[in-house]
file input_12.cif (mmCIF, C-alpha atoms)
data_run
#
loop_
_atom_site.label_atom_id
_atom_site.label_comp_id
_atom_site.auth_asym_id
_atom_site.auth_seq_id
_atom_site.Cartn_x
_atom_site.Cartn_y
_atom_site.Cartn_z
CA MET A 230 1.48 14.07 39.47
CA GLY A 231 -1.95 14.16 37.90
CA MET A 232 -3.11 16.80 35.47
CA ASN A 233 -4.73 19.87 36.93
CA PRO A 234 -8.51 19.22 36.71
CA ARG A 235 -9.01 22.69 35.31
CA LEU A 236 -7.05 21.63 32.24
CA MET A 237 -9.66 18.94 31.59
CA ARG A 238 -12.47 21.42 31.22
CA PRO A 239 -13.76 22.17 27.73
CA VAL A 240 -11.70 24.82 26.00
CA ALA A 241 -13.22 28.08 24.84
CA SER A 242 -14.15 26.59 21.47
CA GLY A 243 -16.31 24.03 23.22
CA VAL A 244 -14.21 21.20 21.89
CA HIS A 245 -13.53 18.56 24.50
CA PRO A 246 -9.84 18.60 25.51
CA GLU A 247 -9.36 14.91 24.81
CA ALA A 248 -10.80 15.37 21.33
CA LEU A 249 -8.46 18.28 20.77
CA ALA A 250 -5.53 16.23 22.01
CA TRP A 251 -6.52 13.45 19.63
CA LYS A 252 -6.62 15.83 16.69
CA THR A 253 -3.24 17.27 17.62
CA ALA A 254 -1.75 13.77 17.80
CA ALA A 255 -3.39 12.81 14.51
CA VAL A 256 -2.02 15.86 12.71
CA ALA A 257 1.42 15.23 14.20
CA ASN A 258 1.22 11.76 12.67
CA GLY A 259 0.44 13.18 9.23
CA GLY A 260 -3.29 12.82 9.66
CA GLN A 261 -6.09 15.02 8.41
CA VAL A 262 -9.20 15.68 10.49
CA SER A 263 -12.24 17.61 9.28
CA SER A 264 -14.22 19.96 11.49
CA THR A 265 -17.16 17.55 11.30
CA GLN A 266 -15.01 14.68 12.50
CA LEU A 267 -13.51 16.73 15.32
CA ARG A 268 -16.96 17.82 16.43
CA ALA A 269 -18.17 14.21 16.40
CA VAL A 270 -15.22 13.07 18.48
CA SER A 271 -15.73 15.94 20.90
CA ASP A 272 -19.42 15.13 21.29
CA LEU A 273 -18.52 11.50 21.94
CA CYS A 274 -16.05 12.49 24.65
CA LYS A 275 -18.66 14.64 26.36
CA LEU A 276 -21.24 11.86 26.28
CA VAL A 277 -18.75 9.30 27.58
CA ASP A 278 -18.03 11.61 30.52
CA ALA A 279 -21.69 12.42 31.11
CA ASN A 280 -22.59 8.72 31.20
CA GLY A 281 -19.80 7.84 33.62
CA LEU A 282 -18.08 5.59 31.11
CA ARG A 283 -14.66 7.22 30.86
CA ASP A 284 -12.88 4.89 33.28
CA ARG A 285 -14.18 1.84 31.42
CA PHE A 286 -11.69 2.42 28.60
CA VAL A 287 -8.06 1.49 28.72
CA ARG A 288 -7.86 1.95 24.97
CA LEU A 289 -10.30 3.34 22.46
CA ASN A 290 -9.61 4.05 18.81
CA LEU A 291 -12.45 5.46 16.73
CA CYS A 292 -10.53 4.64 13.53
CA CYS A 293 -11.61 7.94 12.02
CA GLY A 294 -10.24 10.95 10.19
CA ASP A 295 -9.75 11.80 6.54
CA ASN A 296 -6.77 9.50 6.09
CA VAL A 297 -5.22 6.43 7.62
CA ALA A 298 -2.54 8.45 9.39
CA ALA A 299 -5.34 9.89 11.55
CA ALA A 300 -7.23 6.61 11.86
CA VAL A 301 -4.36 4.83 13.62
CA VAL A 302 -4.25 7.39 16.46
CA PRO A 303 -6.19 6.23 19.53
CA LEU A 304 -8.46 8.59 21.43
CA TYR A 305 -7.97 7.02 24.87
CA ARG A 306 -4.86 5.21 26.12
CA GLY A 307 -5.76 4.76 29.75
CA PRO A 308 -8.76 4.81 32.11
CA SER A 309 -8.18 8.54 32.60
CA ARG A 310 -6.29 11.15 30.67
CA SER A 311 -4.33 12.31 33.69
CA GLY A 312 -3.26 8.85 34.83
CA THR A 313 -0.93 6.23 33.39
CA GLN A 314 -1.19 5.74 29.65
CA TYR A 315 -0.77 2.28 28.12
CA GLY A 316 0.36 0.89 24.80
CA ASN A 317 1.65 2.55 21.69
CA THR A 318 1.02 6.27 21.28
CA VAL A 319 -0.02 5.45 17.73
CA ASP A 320 -1.21 2.02 16.63
CA THR A 321 1.56 0.47 14.58
CA ASN A 322 0.16 0.11 11.08
CA VAL A 323 1.25 -3.33 9.91
CA GLY A 324 0.40 -4.58 6.45
CA PRO A 325 -0.12 -1.74 6.01
CA PHE A 326 -3.53 -0.13 5.70
CA ALA A 327 -3.23 2.73 3.22
CA ASP A 328 -5.65 5.29 1.85
CA GLY A 329 -8.30 4.00 -0.54
CA ALA A 330 -11.17 1.54 -0.43
CA LEU A 331 -9.03 -1.35 -1.64
CA SER A 332 -5.88 -0.09 0.00
CA GLY A 333 -7.31 -0.31 3.49
CA TYR A 334 -8.94 2.91 4.69
CA THR A 335 -11.61 5.45 3.83
CA ALA A 336 -13.30 7.94 6.14
CA THR A 337 -16.70 6.30 5.76
CA GLY A 338 -15.53 2.73 5.16
CA GLY A 339 -13.15 2.50 8.11
CA LEU A 340 -10.24 0.09 8.19
CA LYS A 341 -10.57 -2.73 5.67
CA GLY A 342 -8.76 -5.97 6.41
CA ASP A 343 -7.26 -8.11 3.64
CA GLY A 344 -7.40 -11.40 5.51
CA ALA A 345 -3.66 -11.92 5.23
CA THR A 346 -1.35 -9.04 6.12
CA ARG A 347 -3.13 -6.02 7.60
CA ARG A 348 -3.38 -5.51 11.35
CA LEU A 349 -2.72 -2.93 14.05
CA ASP A 350 -0.26 -3.59 16.86
CA ILE A 351 -1.55 -1.60 19.82
CA GLY A 352 1.29 -2.29 22.23
CA ILE A 353 -0.89 -3.45 25.12
CA THR A 354 -0.11 -6.74 26.81
CA ILE A 355 -2.02 -8.82 29.32
CA GLY A 356 0.37 -7.44 31.94
CA ALA A 357 -0.52 -3.87 30.99
CA CYS A 358 -4.20 -4.72 31.27
CA VAL A 359 -3.63 -5.97 34.83
CA ASN A 360 -1.80 -2.78 35.71
CA ALA A 361 -4.73 -0.80 34.28
CA GLY A 362 -7.18 -2.53 36.61
CA MET A 363 -8.46 -5.21 34.25
CA ASP A 364 -8.60 -8.96 34.82
CA TYR A 365 -10.30 -11.98 33.30
CA ALA A 366 -13.41 -11.19 35.36
CA ALA A 367 -13.19 -7.41 35.05
CA CYS A 368 -12.96 -6.51 31.40
CA HIS A 369 -14.77 -5.57 28.24
CA LEU A 370 -13.96 -5.33 24.60
CA SER A 371 -16.02 -3.71 21.92
CA TYR A 372 -15.84 -3.02 18.24
CA TRP A 373 -17.98 -1.53 15.52
CA TRP A 374 -18.32 -3.88 12.56
CA LEU A 375 -19.10 -1.64 9.61
CA SER A 376 -19.47 -4.11 6.78
CA GLY A 377 -17.90 -6.85 4.75
CA GLY A 378 -16.00 -9.96 5.52
CA SER A 379 -16.79 -13.51 6.41
CA TYR A 380 -18.59 -13.82 9.70
CA SER A 381 -16.02 -15.74 11.69
CA GLY A 382 -13.11 -13.64 10.52
CA ALA A 383 -14.67 -10.31 9.73
CA ILE A 384 -13.35 -8.56 12.81
CA THR A 385 -10.75 -10.16 15.03
CA LEU A 386 -8.76 -8.63 17.85
CA GLY A 387 -6.92 -9.52 21.02
CA GLY A 388 -4.53 -12.30 21.81
CA SER A 389 -4.25 -15.85 23.01
CA ASP A 390 -1.64 -18.36 24.05
CA TYR A 391 -4.09 -21.18 23.32
CA GLN A 392 -3.45 -22.82 26.63
CA ASN A 393 -3.94 -20.55 29.54
CA CYS A 394 -5.10 -17.16 28.49
CA ALA A 395 -7.20 -15.68 25.74
CA TYR A 396 -8.84 -12.29 25.47
CA GLY A 397 -10.34 -11.19 22.23
CA ALA A 398 -13.04 -11.41 19.62
CA GLY A 399 -13.13 -13.94 16.84
CA LEU A 400 -10.76 -16.20 18.73
CA TYR A 401 -12.73 -19.33 18.09
CA GLY A 402 -14.59 -18.53 14.96
CA TYR A 403 -17.31 -16.76 16.86
CA SER A 404 -17.82 -13.10 17.37
CA ASP A 405 -17.16 -13.32 21.02
CA LEU A 406 -15.21 -12.37 24.06
CA ALA A 407 -13.33 -15.44 25.09
CA GLN A 408 -10.96 -15.82 27.98
CA ASP A 409 -9.07 -18.73 29.37
CA VAL A 410 -8.75 -22.02 27.64
CA VAL A 411 -8.86 -25.27 29.57
CA SER A 412 -8.15 -28.75 28.37
CA THR A 413 -10.99 -31.21 28.49
CA SER A 414 -10.32 -34.71 27.26
CA GLY A 415 -7.85 -33.55 24.68
CA ASP A 416 -10.14 -30.87 23.36
CA GLU A 417 -10.68 -27.29 24.33
CA THR A 418 -13.50 -25.32 25.79
CA THR A 419 -13.64 -21.59 25.92
CA GLY A 420 -14.07 -19.83 29.17
CA GLY A 421 -15.16 -16.30 29.63
CA ILE A 422 -18.21 -15.67 27.55
CA TYR A 423 -19.16 -16.43 24.04
CA SER A 424 -22.21 -16.71 21.92
CA ALA A 425 -22.69 -20.31 20.95
CA ALA A 426 -25.16 -19.26 18.32
CA THR A 427 -22.44 -17.13 16.70
CA CYS A 428 -24.62 -14.26 17.73
CA LEU A 429 -26.57 -13.71 14.58
CA SER A 430 -25.21 -15.46 11.50
CA MET A 431 -23.48 -13.47 8.81
CA SER A 432 -26.60 -12.05 7.25
CA GLY A 433 -25.49 -8.55 7.98
CA ALA A 434 -27.75 -8.23 10.97
CA ALA A 435 -24.65 -8.36 13.13
CA TYR A 436 -23.18 -5.17 11.72
CA GLY A 437 -22.88 -2.50 14.37
CA LEU A 438 -21.56 -2.43 17.90
CA HIS A 439 -20.37 -5.62 19.58
CA VAL A 440 -19.64 -5.56 23.29
CA GLY A 441 -18.37 -8.51 25.27
CA THR A 442 -17.86 -8.07 28.99
CA ARG A 443 -17.28 -10.09 32.09
CA TRP A 444 -17.40 -9.06 35.71
CA SER A 445 -17.04 -10.85 39.03
CA SER A 446 -20.53 -12.31 39.05
CA GLY A 447 -21.65 -12.31 35.45
CA ALA A 448 -21.01 -11.83 31.78
CA ALA A 449 -22.80 -10.42 28.79
CA TYR A 450 -22.54 -10.03 25.08
CA SER A 451 -24.50 -7.37 23.28
CA ILE A 452 -24.93 -6.40 19.66
CA SER A 453 -26.02 -2.86 18.91
CA GLY A 454 -27.35 -2.27 22.39
CA THR A 455 -29.26 -5.51 22.83
CA ASP A 456 -27.93 -8.25 25.04
CA VAL A 457 -27.67 -11.60 23.30
CA THR A 458 -29.59 -14.19 25.25
CA GLY A 459 -29.83 -17.93 24.99
CA GLY A 460 -26.39 -18.43 23.55
CA CYS A 461 -24.18 -16.48 25.88
CA SER A 462 -22.17 -18.56 28.27
CA GLN A 463 -19.90 -17.80 31.15
CA ASP A 464 -17.21 -20.24 32.16
CA SER A 465 -14.35 -20.43 34.59
CA GLY A 466 -11.20 -18.39 34.28
CA SER A 467 -7.93 -17.70 35.97
CA PRO A 468 -6.38 -14.40 36.99
CA TRP A 469 -4.23 -12.63 34.43
CA GLN A 470 -0.56 -12.20 35.28
CA SER A 471 1.07 -8.79 35.45
CA ASP A 472 4.35 -10.23 34.15
CA ASP A 473 2.70 -11.56 31.00
CA THR A 474 4.27 -9.03 28.68
CA ALA A 475 5.86 -11.00 25.88
CA ASN A 476 3.55 -9.92 23.08
CA SER A 477 0.93 -7.26 22.64
CA PHE A 478 -2.62 -7.43 21.33
CA SER A 479 -3.45 -6.95 17.70
CA VAL A 480 -6.52 -5.52 16.04
CA MET A 481 -7.72 -7.14 12.79
CA ALA A 482 -5.70 -10.22 13.74
CA ILE A 483 -5.00 -12.28 16.85
CA SER A 484 -1.62 -12.14 18.56
CA ASP A 485 0.14 -15.19 19.88
CA LEU A 486 0.75 -14.25 23.51
CA TRP A 487 2.57 -17.35 24.59
CA ASP A 488 5.10 -16.67 27.33
CA ILE A 489 3.68 -18.74 30.13
CA PRO A 490 5.60 -19.17 32.30
CA THR A 491 8.59 -17.71 30.45
CA GLU A 492 8.85 -19.89 27.42
CA ALA A 493 9.55 -18.66 23.95
CA CYS A 494 7.06 -16.48 22.16
CA ASN A 495 7.34 -16.53 18.41
CA GLY A 496 5.41 -13.33 17.87
CA THR A 497 3.13 -14.77 15.22
CA HIS A 498 -0.36 -13.61 14.34
CA TYR A 499 -3.33 -15.42 12.91
CA LEU A 500 -6.97 -15.07 11.90
CA TYR A 501 -6.37 -11.89 9.94
CA ALA A 502 -9.68 -10.09 9.51
CA ASP A 503 -11.32 -9.26 6.20
CA GLY A 504 -14.15 -6.96 7.31
CA ASN A 505 -14.42 -3.21 7.82
CA LEU A 506 -13.72 -1.88 11.31
CA GLY A 507 -15.18 1.38 12.61
CA MET A 508 -13.92 1.38 16.21
CA TYR A 509 -12.35 -0.86 18.83
CA SER A 510 -11.98 -0.63 22.60
CA PHE A 511 -10.43 -2.61 25.43
CA GLY A 512 -11.05 -1.88 29.08
CA ARG A 513 -12.79 -2.56 32.33
CA GLU A 514 -16.14 -4.28 32.68
CA MET A 515 -19.47 -2.85 31.55
CA ALA A 516 -21.53 -4.77 34.03
CA SER A 517 -24.94 -3.16 33.65
CA SER A 518 -27.17 -3.44 30.60
CA SER A 519 -27.83 0.29 30.85
CA MET A 520 -24.09 0.94 30.56
CA ARG A 521 -23.83 -1.21 27.44
CA ALA A 522 -26.92 0.44 25.96
CA ALA A 523 -25.49 3.88 26.67
CA TRP A 524 -22.26 2.95 24.91
CA TYR A 525 -24.26 1.87 21.88
CA THR A 526 -26.27 5.09 21.83
CA ILE A 527 -23.06 7.12 21.98
CA MET A 528 -21.36 5.06 19.30
CA LEU A 529 -24.35 5.13 16.98
CA ALA A 530 -24.53 8.91 17.21
CA PHE A 531 -20.82 9.13 16.49
CA GLN A 532 -20.92 6.79 13.50
CA GLN A 533 -23.90 8.67 12.08
CA ALA A 534 -22.17 12.00 12.58
CA ILE A 535 -19.22 10.96 10.44
CA GLY A 536 -21.33 9.33 7.74
CA ARG A 537 -20.83 5.71 8.62
CA ALA A 538 -24.32 4.77 9.75
CA MET B 32 -6.31 -6.07 -5.28
CA GLY B 33 -3.57 -8.51 -6.16
CA TRP B 34 -0.43 -9.90 -4.69
CA LEU B 35 3.29 -9.43 -5.17
CA ALA B 36 5.86 -12.19 -4.81
CA VAL B 37 8.56 -11.66 -2.18
CA THR B 38 11.79 -13.65 -2.29
CA GLU B 39 13.65 -14.74 0.81
CA GLU B 40 16.31 -12.14 0.10
CA GLN B 41 13.69 -9.43 -0.28
CA LYS B 42 12.10 -10.52 2.99
CA ILE B 43 15.42 -10.10 4.77
CA CYS B 44 15.66 -6.59 3.37
CA LEU B 45 12.08 -5.94 4.45
CA ASP B 46 12.80 -7.02 8.01
CA ALA B 47 15.55 -4.41 8.16
CA LEU B 48 13.30 -1.71 6.73
CA ASN B 49 10.53 -2.55 9.18
CA ALA B 50 12.97 -2.37 12.08
CA SER B 51 13.67 1.24 11.18
CA SER B 52 10.01 2.13 10.63
CA PRO B 53 8.14 1.64 13.90
CA ALA B 54 4.92 3.40 12.88
CA VAL B 55 4.25 1.74 9.52
CA GLN B 56 5.42 -1.74 8.64
CA VAL B 57 5.00 -3.87 5.55
CA ASN B 58 3.81 -7.40 6.23
CA VAL B 59 4.07 -10.59 4.24
CA ALA B 60 1.95 -13.72 4.26
CA ARG B 61 2.63 -17.28 3.22
CA SER B 62 0.93 -18.29 0.00
CA VAL B 63 -0.87 -21.53 -0.71
CA SER B 64 2.34 -22.71 -2.40
CA GLY B 65 4.53 -21.70 0.53
CA ALA B 66 6.01 -18.54 -0.98
CA TRP B 67 5.96 -15.06 0.55
CA LEU B 68 3.41 -12.52 -0.68
CA THR B 69 2.53 -8.93 0.02
CA ASN B 70 -0.51 -6.87 -0.96
CA ASP B 71 -0.19 -4.71 -4.09
CA ALA B 72 -3.04 -2.33 -3.18
CA VAL B 73 -0.63 0.05 -1.48
CA LEU B 74 1.62 0.54 -4.53
CA PRO B 75 0.29 4.08 -5.20
CA ASP B 76 1.64 5.05 -1.78
CA ALA B 77 5.00 3.38 -2.34
CA VAL B 78 6.51 6.37 -4.10
CA PRO B 79 9.09 8.90 -2.89
CA SER B 80 6.42 11.37 -1.75
CA GLY B 81 3.91 8.80 -0.56
CA TYR B 82 2.79 7.30 2.73
CA LEU B 83 5.17 4.37 2.14
CA MET B 84 8.10 6.39 0.84
CA HIS B 85 10.38 4.47 3.18
CA PHE B 86 9.55 1.28 1.25
CA ALA B 87 9.37 2.71 -2.30
CA GLU B 88 12.62 1.20 -3.53
CA TRP B 89 11.81 -2.15 -1.97
CA TYR B 90 8.40 -2.34 -3.66
CA SER B 91 9.95 -1.43 -7.03
CA GLY B 92 11.83 -4.73 -7.00
CA LEU B 93 8.72 -6.91 -6.59
CA SER B 94 6.79 -8.63 -9.34
CA THR B 95 3.15 -9.61 -9.60
CA THR B 96 2.01 -13.16 -9.07
CA ASP B 97 -1.17 -15.20 -9.40
CA ASP B 98 -0.37 -16.91 -6.12
CA VAL B 99 -2.74 -16.18 -3.21
CA PRO B 100 -2.38 -16.22 0.57
CA ALA B 101 -2.98 -19.43 2.46
CA PRO B 102 -5.95 -19.33 4.85
CA SER B 103 -5.10 -17.65 8.13
CA GLN B 104 -5.71 -20.33 10.71
CA ARG B 105 -5.40 -20.67 14.44
CA PRO B 106 -2.12 -22.16 15.62
CA PRO B 107 -1.75 -25.55 17.29
CA ARG B 108 -2.12 -25.86 21.03
CA LYS B 109 0.92 -24.94 23.08
CA PRO B 110 2.53 -27.29 25.60
CA ARG B 111 2.36 -26.17 29.17
#
call {"tool": "encode", "arguments": {"input": "input_12.cif", "output": "structure tokens"}}
result
Amino acid sequence: MGMNPRLMRPVASGVHPEALAWKTAAVANGGQVSSTQLRAVSDLCKLVDANGLRDRFVRLNLCCGDNVAAAVVPLYRGPSRSGTQYGNTVDTNVGPFADGALSGYTATGGLKGDGATRRLDIGITIGACVNAGMDYAACHLSYWWLSGGSYSGAITLGGSDYQNCAYGAGLYGYSDLAQDVVSTSGDETTGGIYSAATCLSMSGAAYGLHVGTRWSSGAAYSISGTDVTGGCSQDSGSPWQSDDTANSFSVMAISDLWDIPTEACNGTHYLYADGNLGMYSFGREMASSSMRAAWYTIMLAFQQAIGRA
Amino acid sequence: MGWLAVTEEQKICLDALNASSPAVQVNVARSVSGAWLTNDAVLPDAVPSGYLMHFAEWYSGLSTTDDVPAPSQRPPRKPR
């Protein structure tokens, strides 16, 4: 049974209920959240609702709070708060990220990868994505690249079996959303969408919000609210399978998802990231440019509010 | 930030510790010489009252090394 809609209304303090729930979960995990951070999260929730974006997110983690125990607690775990929730209640902190600029997390620096051991296991599989209404042609991913790292491996996330299915960023050395891999004359081509121009080089101009999305009749990649043109390609794909549940996605690394059809999955991870992450999301498509621009405006305001931009 | 050497025996112990710590897990990487390594930046938290208290005793048995992680590369294509 769904949650009573009245329970979703802002509480007397004016704090959005999903922000309050996030803070409660963060504190229960040993996290610390300042009033400024809570207010920023609450404002973000309100703007997401006001812009009609809430059902676009199957998972959103703002990677914020005063310590890493708060930063590993996702804000959204399903396309609505009252419906089915997906993945781990708290991102499993593998590596781990610990408190401190070199140790892996600061409130303003976000999560810092070490390129070798640190990642988050979010507990969401391709099968879970299908159950949440996503598919290869109905999905988005986004992340906020704060700083640091080599371009191709600064921020990586998602998973791939390197034969039939791939969904993530940084999968092929680009900052991209790539799905489906097909064999062509012994080589590979990436389906889904990607920026052949690697978006913007690693000059630092690519810091900010990255959004890759594909829908039934199109695809787009945007950086900080501007769609990348001239290098963004859309290719064929094949439907995701609801029984593809052998391994879950990672953030700051790529998961090996191989279980197609039911063969062994070794659970390995690769392309560990070495940049600083300020947010990640997985979910349904953001098909309109106005939707992607709105998400950027919301995210920019949030990052500024907590001292990251 | 540096790296700590992890023996095969210590890795077996680590696997057991990780299995009983679902929220926070220590990870190792292969070095350029094929050995196991783990990051030393979290040592201040690997104390009885710290974030990694569960792993404090395990970390105390590790030693520093000049070895570094091998590049993290994409895996080979899978058969279908």
call {"tool": "resolve_selection", "arguments": {"input": "input_12.cif", "expression": "the PyMOL selection byres ((chain B) within 8 of (chain A))", "output": "PyMOL selection string"}}
result
chain B and resi 32+53-60+69-70+72-73+76+82+100+102-111
call {"tool": "write_last_selection", "arguments": {"input": "input_12.cif", "atoms": "C-alpha atoms", "output": "PDB file, keeping the file's coordinate frame"}}
result
ATOM      1  CA  MET B  32      -6.310  -6.070  -5.280  1.00  0.00           C
ATOM      2  CA  PRO B  53       8.140   1.640  13.900  1.00  0.00           C
ATOM      3  CA  ALA B  54       4.920   3.400  12.880  1.00  0.00           C
ATOM      4  CA  VAL B  55       4.250   1.740   9.520  1.00  0.00           C
ATOM      5  CA  GLN B  56       5.420  -1.740   8.640  1.00  0.00           C
ATOM      6  CA  VAL B  57       5.000  -3.870   5.550  1.00  0.00           C
ATOM      7  CA  ASN B  58       3.810  -7.400   6.230  1.00  0.00           C
ATOM      8  CA  VAL B  59       4.070 -10.590   4.240  1.00  0.00           C
ATOM      9  CA  ALA B  60       1.950 -13.720   4.260  1.00  0.00           C
ATOM     10  CA  THR B  69       2.530  -8.930   0.020  1.00  0.00           C
ATOM     11  CA  ASN B  70      -0.510  -6.870  -0.960  1.00  0.00           C
ATOM     12  CA  ALA B  72      -3.040  -2.330  -3.180  1.00  0.00           C
ATOM     13  CA  VAL B  73      -0.630   0.050  -1.480  1.00  0.00           C
ATOM     14  CA  ASP B  76       1.640   5.050  -1.780  1.00  0.00           C
ATOM     15  CA  TYR B  82       2.790   7.300   2.730  1.00  0.00           C
ATOM     16  CA  PRO B 100      -2.380 -16.220   0.570  1.00  0.00           C
ATOM     17  CA  PRO B 102      -5.950 -19.330   4.850  1.00  0.00           C
ATOM     18  CA  SER B 103      -5.100 -17.650   8.130  1.00  0.00           C
ATOM     19  CA  GLN B 104      -5.710 -20.330  10.710  1.00  0.00           C
ATOM     20  CA  ARG B 105      -5.400 -20.670  14.440  1.00  0.00           C
ATOM     21  CA  PRO B 106      -2.120 -22.160  15.620  1.00  0.00           C
ATOM     22  CA  PRO B 107      -1.750 -25.550  17.290  1.00  0.00           C
ATOM     23  CA  ARG B 108      -2.120 -25.860  21.030  1.00  0.00           C
ATOM     24  CA  LYS B 109       0.920 -24.940  23.080  1.00  0.00           C
ATOM     25  CA  PRO B 110       2.530 -27.290  25.600  1.00  0.00           C
ATOM     26  CA  ARG B 111       2.360 -26.170  29.170  1.00  0.00           C
TER      27      ARG B 111
END
call {"tool": "atom_distance", "arguments": {"input": "input_12.cif", "atom1": "CA of Gly281 (chain A)", "atom2": "CA of Gly512 (chain A)"}}
result
13.8 Å
call {"tool": "closest_residue", "arguments": {"input": "input_12.cif", "among": "B:Gly81, B:Ala50, B:Lys42, B:Ser64", "to": "Thr96 (chain B)", "atoms": "all atoms listed in the file"}}
result
B:Ser64
call {"tool": "residues_around", "arguments": {"input": "input_12.cif", "residues": "Glu514 (chain A)", "least_positions_apart": "5", "cutoff": "7 Å", "atoms": "all atoms listed in the file", "output": "PyMOL selection string"}}
result
chain A and resi 285+367-369+442-444
call {"tool": "residues_around", "arguments": {"input": "input_12.cif", "residues": "Gly362 (chain A)", "least_positions_apart": "4", "cutoff": "12 Å", "atoms": "all atoms listed in the file", "output": "ChimeraX atom specification"}}
result
/A:284-287,307-309,313,315,355-358,366-369,468-471,511-514
call {"tool": "resolve_selection", "arguments": {"input": "input_12.cif", "expression": "the PyMOL selection byres ((chain A and resi 518) around 9)", "output": "ChimeraX atom specification"}}
result
/A:449,451,454-456,515-517,519-523
call {"tool": "closest_residue", "arguments": {"input": "input_12.cif", "among": "B:Trp67, B:Asp98, B:Ser52, B:Met84", "to": "Glu39 (chain B)", "atoms": "all atoms listed in the file"}}
result
B:Trp67
call {"tool": "resolve_selection", "arguments": {"input": "input_12.cif", "expression": "the PyMOL selection byres ((chain A and resi 263) around 10)", "output": "list in words"}}
result
Lys252, Gln261, Val262, Ser264, Thr265, Gln266, Leu267, Arg268, Ala269, Gly294, Asp295 and Ile535 of chain A
call {"tool": "write_last_selection", "arguments": {"input": "input_12.cif", "atoms": "C-alpha atoms", "output": "PDB file, in the coordinates of the input"}}
result
ATOM      1  CA  LYS A 252      -6.620  15.830  16.690  1.00  0.00           C
ATOM      2  CA  GLN A 261      -6.090  15.020   8.410  1.00  0.00           C
ATOM      3  CA  VAL A 262      -9.200  15.680  10.490  1.00  0.00           C
ATOM      4  CA  SER A 264     -14.220  19.960  11.490  1.00  0.00           C
ATOM      5  CA  THR A 265     -17.160  17.550  11.300  1.00  0.00           C
ATOM      6  CA  GLN A 266     -15.010  14.680  12.500  1.00  0.00           C
ATOM      7  CA  LEU A 267     -13.510  16.730  15.320  1.00  0.00           C
ATOM      8  CA  ARG A 268     -16.960  17.820  16.430  1.00  0.00           C
ATOM      9  CA  ALA A 269     -18.170  14.210  16.400  1.00  0.00           C
ATOM     10  CA  GLY A 294     -10.240  10.950  10.190  1.00  0.00           C
ATOM     11  CA  ASP A 295      -9.750  11.800   6.540  1.00  0.00           C
ATOM     12  CA  ILE A 535     -19.220  10.960  10.440  1.00  0.00           C
TER      13      ILE A 535
END
